[in-house]
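Here the structure comes first, spelled out in structure tokens, and everything after it is commentary.
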Amino acid sequence: MKNLLIADDDHYIVTLLKHTLTGEGYFVVEARDGKEAIEKMKECTIDLAILDVMMPHVDGLELCEYIRATYDIPIILLTARQQLSDKEQGYLRGTDDYLTKPFELAELLFRIRALFRRYSLASDDKIRLKQLVIDRRNYEVTDGRDMFLLPAKEFELLSQLAQYPGRLFSRGELIELVWGFDYEGDERTVDVHIKRLRSRFSEYEDSFKIRTVRGVGYKMELIHT
């Protein structure tokens with residue numbers, strides 16, 4: 001479960017976001033101003049921060065700058081201001097994304113998932129599956145002798161499953177994580193790509209297997225011998 005920080009002095013906004021994000025499976029840490037947010041971040045691990053710009057004591061821009069200098073996590077700024085100069089200040093202070101109030105909750109969720117996907121892909125350059133090594137920076141897979149150059153989506157799908165061995169992903173989740181939330185194709189695309197991956201790496205079943213969970217999706221199982 002990922003921990004999300006919400007720093008906003010608007011009680012209604014905090015309550016609404018907490019209800020929505022908790023329902024999506026996130027754990028929410030609340031802060032009423034930037035000063036409290038800094039203390040909360042010292043007490044527990046935060047995976048993503050959602051910050052209101054206008055807060056007492058330490059405002060959202062100052063808090064954003066502090067987080068960027070101290071932690072390597074995604075940041076989303078919320079503001080009622082629509083001027084381009086205000087957005088520029090947010091990005092200069094280190095935010096990853098920017099939402100202007102009022103906003104659709106669905107859009108916030110899309111942006112959160114997109115940021116986690118981006119940070120996830122950048123977090124670990126190499127994933128090891130026994131003799132196979134997935135090099136996420138160069139989009140390469142090698143067994144120490146041979147190099148496998150996969151099409152981009154096959155590579156991203158393999159990487160996504162390999163990063164979380166044992167975790168079950170629904171087809172819908174894999175579509176969002178690999179193809180993006182705005183993908184308009186059929187979820188059977190995932191099945192086709194899984195079939196190709198199994199074929200490519202059929203000789204490495206002593207290292208890993210991609211299991212089908214009927215009616216749900218897929219997960220990678222590491223083989224321990």
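Ligands are numbered from 1 in the order shown, residues from 1 within each chain, and chains are lettered A, B, ... in the order they appear in the structure tokens.
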Give me every alpha helix (DSSP H) residue in segment 15-72 of chain A, going by DSSP on the backbone, as a PyMOL selection string. chain A and resi 15-23+34-43+60-70
Selection above as a file: N, CA and C atoms, as an mmCIF file, in the first residue's frame:
data_model
loop_
_atom_site.group_PDB
_atom_site.id
_atom_site.type_symbol
_atom_site.label_atom_id
_atom_site.label_comp_id
_atom_site.auth_asym_id
_atom_site.auth_seq_id
_atom_site.Cartn_x
_atom_site.Cartn_y
_atom_site.Cartn_z
ATOM 1 N N THR A 15 -11.046 16.016 3.332
ATOM 2 C CA THR A 15 -12.002 14.928 3.578
ATOM 3 C C THR A 15 -12.387 14.231 2.274
ATOM 4 N N LEU A 16 -12.638 15.027 1.247
ATOM 5 C CA LEU A 16 -13.025 14.470 -0.054
ATOM 6 C C LEU A 16 -11.900 13.632 -0.655
ATOM 7 N N LEU A 17 -10.695 14.160 -0.635
ATOM 8 C CA LEU A 17 -9.558 13.442 -1.204
ATOM 9 C C LEU A 17 -9.250 12.177 -0.408
ATOM 10 N N LYS A 18 -9.326 12.278 0.917
ATOM 11 C CA LYS A 18 -9.046 11.104 1.741
ATOM 12 C C LYS A 18 -10.044 9.994 1.454
ATOM 13 N N HIS A 19 -11.309 10.331 1.353
ATOM 14 C CA HIS A 19 -12.346 9.333 1.057
ATOM 15 C C HIS A 19 -12.084 8.668 -0.296
ATOM 16 N N THR A 20 -11.772 9.479 -1.291
ATOM 17 C CA THR A 20 -11.548 8.963 -2.642
ATOM 18 C C THR A 20 -10.297 8.110 -2.715
ATOM 19 N N LEU A 21 -9.207 8.603 -2.177
ATOM 20 C CA LEU A 21 -7.927 7.898 -2.280
ATOM 21 C C LEU A 21 -7.902 6.633 -1.434
ATOM 22 N N THR A 22 -8.541 6.671 -0.273
ATOM 23 C CA THR A 22 -8.636 5.474 0.555
ATOM 24 C C THR A 22 -9.422 4.392 -0.183
ATOM 25 N N GLY A 23 -10.468 4.819 -0.867
ATOM 26 C CA GLY A 23 -11.264 3.882 -1.652
ATOM 27 C C GLY A 23 -10.490 3.252 -2.791
ATOM 28 N N GLY A 34 2.061 23.462 5.765
ATOM 29 C CA GLY A 34 3.351 22.936 5.365
ATOM 30 C C GLY A 34 4.221 22.498 6.520
ATOM 31 N N LYS A 35 4.127 23.212 7.628
ATOM 32 C CA LYS A 35 4.931 22.861 8.797
ATOM 33 C C LYS A 35 4.548 21.490 9.331
ATOM 34 N N GLU A 36 3.247 21.247 9.436
ATOM 35 C CA GLU A 36 2.773 19.945 9.903
ATOM 36 C C GLU A 36 3.157 18.846 8.906
ATOM 37 N N ALA A 37 3.111 19.173 7.628
ATOM 38 C CA ALA A 37 3.467 18.194 6.597
ATOM 39 C C ALA A 37 4.915 17.733 6.749
ATOM 40 N N ILE A 38 5.814 18.670 7.018
ATOM 41 C CA ILE A 38 7.229 18.328 7.199
ATOM 42 C C ILE A 38 7.399 17.363 8.371
ATOM 43 N N GLU A 39 6.678 17.618 9.464
ATOM 44 C CA GLU A 39 6.758 16.739 10.633
ATOM 45 C C GLU A 39 6.196 15.357 10.319
ATOM 46 N N LYS A 40 5.086 15.305 9.593
ATOM 47 C CA LYS A 40 4.487 14.016 9.248
ATOM 48 C C LYS A 40 5.424 13.189 8.362
ATOM 49 N N MET A 41 6.142 13.865 7.474
ATOM 50 C CA MET A 41 7.050 13.149 6.582
ATOM 51 C C MET A 41 8.255 12.580 7.331
ATOM 52 N N LYS A 42 8.573 13.155 8.470
ATOM 53 C CA LYS A 42 9.653 12.618 9.299
ATOM 54 C C LYS A 42 9.197 11.387 10.069
ATOM 55 N N GLU A 43 7.875 11.285 10.269
ATOM 56 C CA GLU A 43 7.334 10.192 11.079
ATOM 57 C C GLU A 43 7.053 8.926 10.278
ATOM 58 N N GLY A 60 2.647 25.973 0.009
ATOM 59 C CA GLY A 60 2.872 24.825 -0.846
ATOM 60 C C GLY A 60 4.135 24.916 -1.684
ATOM 61 N N LEU A 61 4.482 26.116 -2.131
ATOM 62 C CA LEU A 61 5.692 26.267 -2.934
ATOM 63 C C LEU A 61 6.954 26.016 -2.101
ATOM 64 N N GLU A 62 6.961 26.552 -0.882
ATOM 65 C CA GLU A 62 8.098 26.305 0.011
ATOM 66 C C GLU A 62 8.188 24.832 0.369
ATOM 67 N N LEU A 63 7.033 24.225 0.641
ATOM 68 C CA LEU A 63 6.996 22.808 0.988
ATOM 69 C C LEU A 63 7.470 21.957 -0.187
ATOM 70 N N CYS A 64 7.032 22.323 -1.375
ATOM 71 C CA CYS A 64 7.441 21.616 -2.586
ATOM 72 C C CYS A 64 8.964 21.645 -2.727
ATOM 73 N N GLU A 65 9.529 22.809 -2.530
ATOM 74 C CA GLU A 65 10.972 22.975 -2.643
ATOM 75 C C GLU A 65 11.701 22.123 -1.596
ATOM 76 N N TYR A 66 11.163 22.097 -0.382
ATOM 77 C CA TYR A 66 11.758 21.296 0.698
ATOM 78 C C TYR A 66 11.712 19.811 0.356
ATOM 79 N N ILE A 67 10.551 19.342 -0.111
ATOM 80 C CA ILE A 67 10.399 17.917 -0.434
ATOM 81 C C ILE A 67 11.336 17.521 -1.568
ATOM 82 N N ARG A 68 11.409 18.357 -2.590
ATOM 83 C CA ARG A 68 12.265 18.032 -3.729
ATOM 84 C C ARG A 68 13.731 17.939 -3.322
ATOM 85 N N ALA A 69 14.139 18.759 -2.352
ATOM 86 C CA ALA A 69 15.533 18.743 -1.908
ATOM 87 C C ALA A 69 15.825 17.591 -0.954
ATOM 88 N N THR A 70 14.779 17.031 -0.344
ATOM 89 C CA THR A 70 14.969 16.056 0.728
ATOM 90 C C THR A 70 14.554 14.642 0.351
#
Which residues are near Asp206 of chain A? Cut-off 10 Å, only C-alpha atoms, ignore same chain within fewer than 3 positions. Put them as a list in words. Leu129, Lys130, Gln131, Ser202, Glu203, Lys209, Leu222, Ile223, His224 and Thr225 of chain A
Take the residues just selected and output them with C-alpha atoms as a PDB file, in the first residue's frame.
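What landed in result_24.pdb:
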ATOM      1  CA  LEU A 129      15.533 -12.924 -12.834  1.00  0.00           C
ATOM      2  CA  LYS A 130      18.317 -15.397 -12.073  1.00  0.00           C
ATOM      3  CA  GLN A 131      20.534 -15.324 -15.192  1.00  0.00           C
ATOM      4  CA  SER A 202      10.301 -20.351 -23.077  1.00  0.00           C
ATOM      5  CA  GLU A 203      13.854 -21.564 -22.389  1.00  0.00           C
ATOM      6  CA  LYS A 209       6.886 -18.008 -15.246  1.00  0.00           C
ATOM      7  CA  LEU A 222      10.072 -16.527  -9.640  1.00  0.00           C
ATOM      8  CA  ILE A 223      11.328 -20.112  -9.628  1.00  0.00           C
ATOM      9  CA  HIS A 224      13.534 -20.922  -6.635  1.00  0.00           C
ATOM     10  CA  THR A 225      15.731 -23.987  -6.969  1.00  0.00           C
TER      11      THR A 225
END
Can you list, as a VMD selection string, all residues belonging to segment 23-140 of chain A that DSSP tags as strand (DSSP E or B)? chain A and resid 27 to 31 48 to 52 75 to 79 97 to 100 126 to 129 132 to 135 140
Contact residues around Asp182 of chain A with only C-alpha atoms at 12 Å, ignoring same-chain residues under 3 positions, as JSON, numbers by chain: {"A": [107, 110, 111, 114, 172, 175, 176, 177, 178, 179, 185, 186]}
With only C-alpha atoms as the counted atoms, please give the residues lying no more than 12 Å from segment 138-141 of chain A, apart from itself and same-chain residues fewer than 3 positions off, as JSON, numbers by chain. {"A": [121, 122, 125, 126, 127, 128, 129, 131, 132, 133, 134, 135, 144, 145, 146, 147, 148, 149, 150, 151, 152, 153, 154, 155, 156, 157, 158, 159, 162, 197, 200, 201]}
Spatial neighbours of segment 95-106 of chain A, max dist 6 Å, only C-alpha atoms, sep filter under 4 positions, as a list in words: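 Near segment 95-106 of chain A, the qualifying residues are Ile75, Ile76, Leu77, Leu78, Thr79, Ala80, Gly90 and Tyr91 of chain A.
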note - atom CA of Ala31 of chain A and atom CA of Gln89 of chain A are separated by 22.1 Å
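For the pair atom CA of Ser207 of chain A and atom CA of Phe169 of chain A, the separation is 19.7 Å.
In this model, the gap between atom CA of Thr45 of chain A and atom CA of Asn3 of chain A comes to 7.0 Å.
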Which is closer to Asp8 of chain A than all the others in A:Asp59, A:Glu173, A:Asp191, A:Asp52, using only C-alpha atoms?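 The answer is A:Asp52, which sits nearest to Asp8 of chain A.
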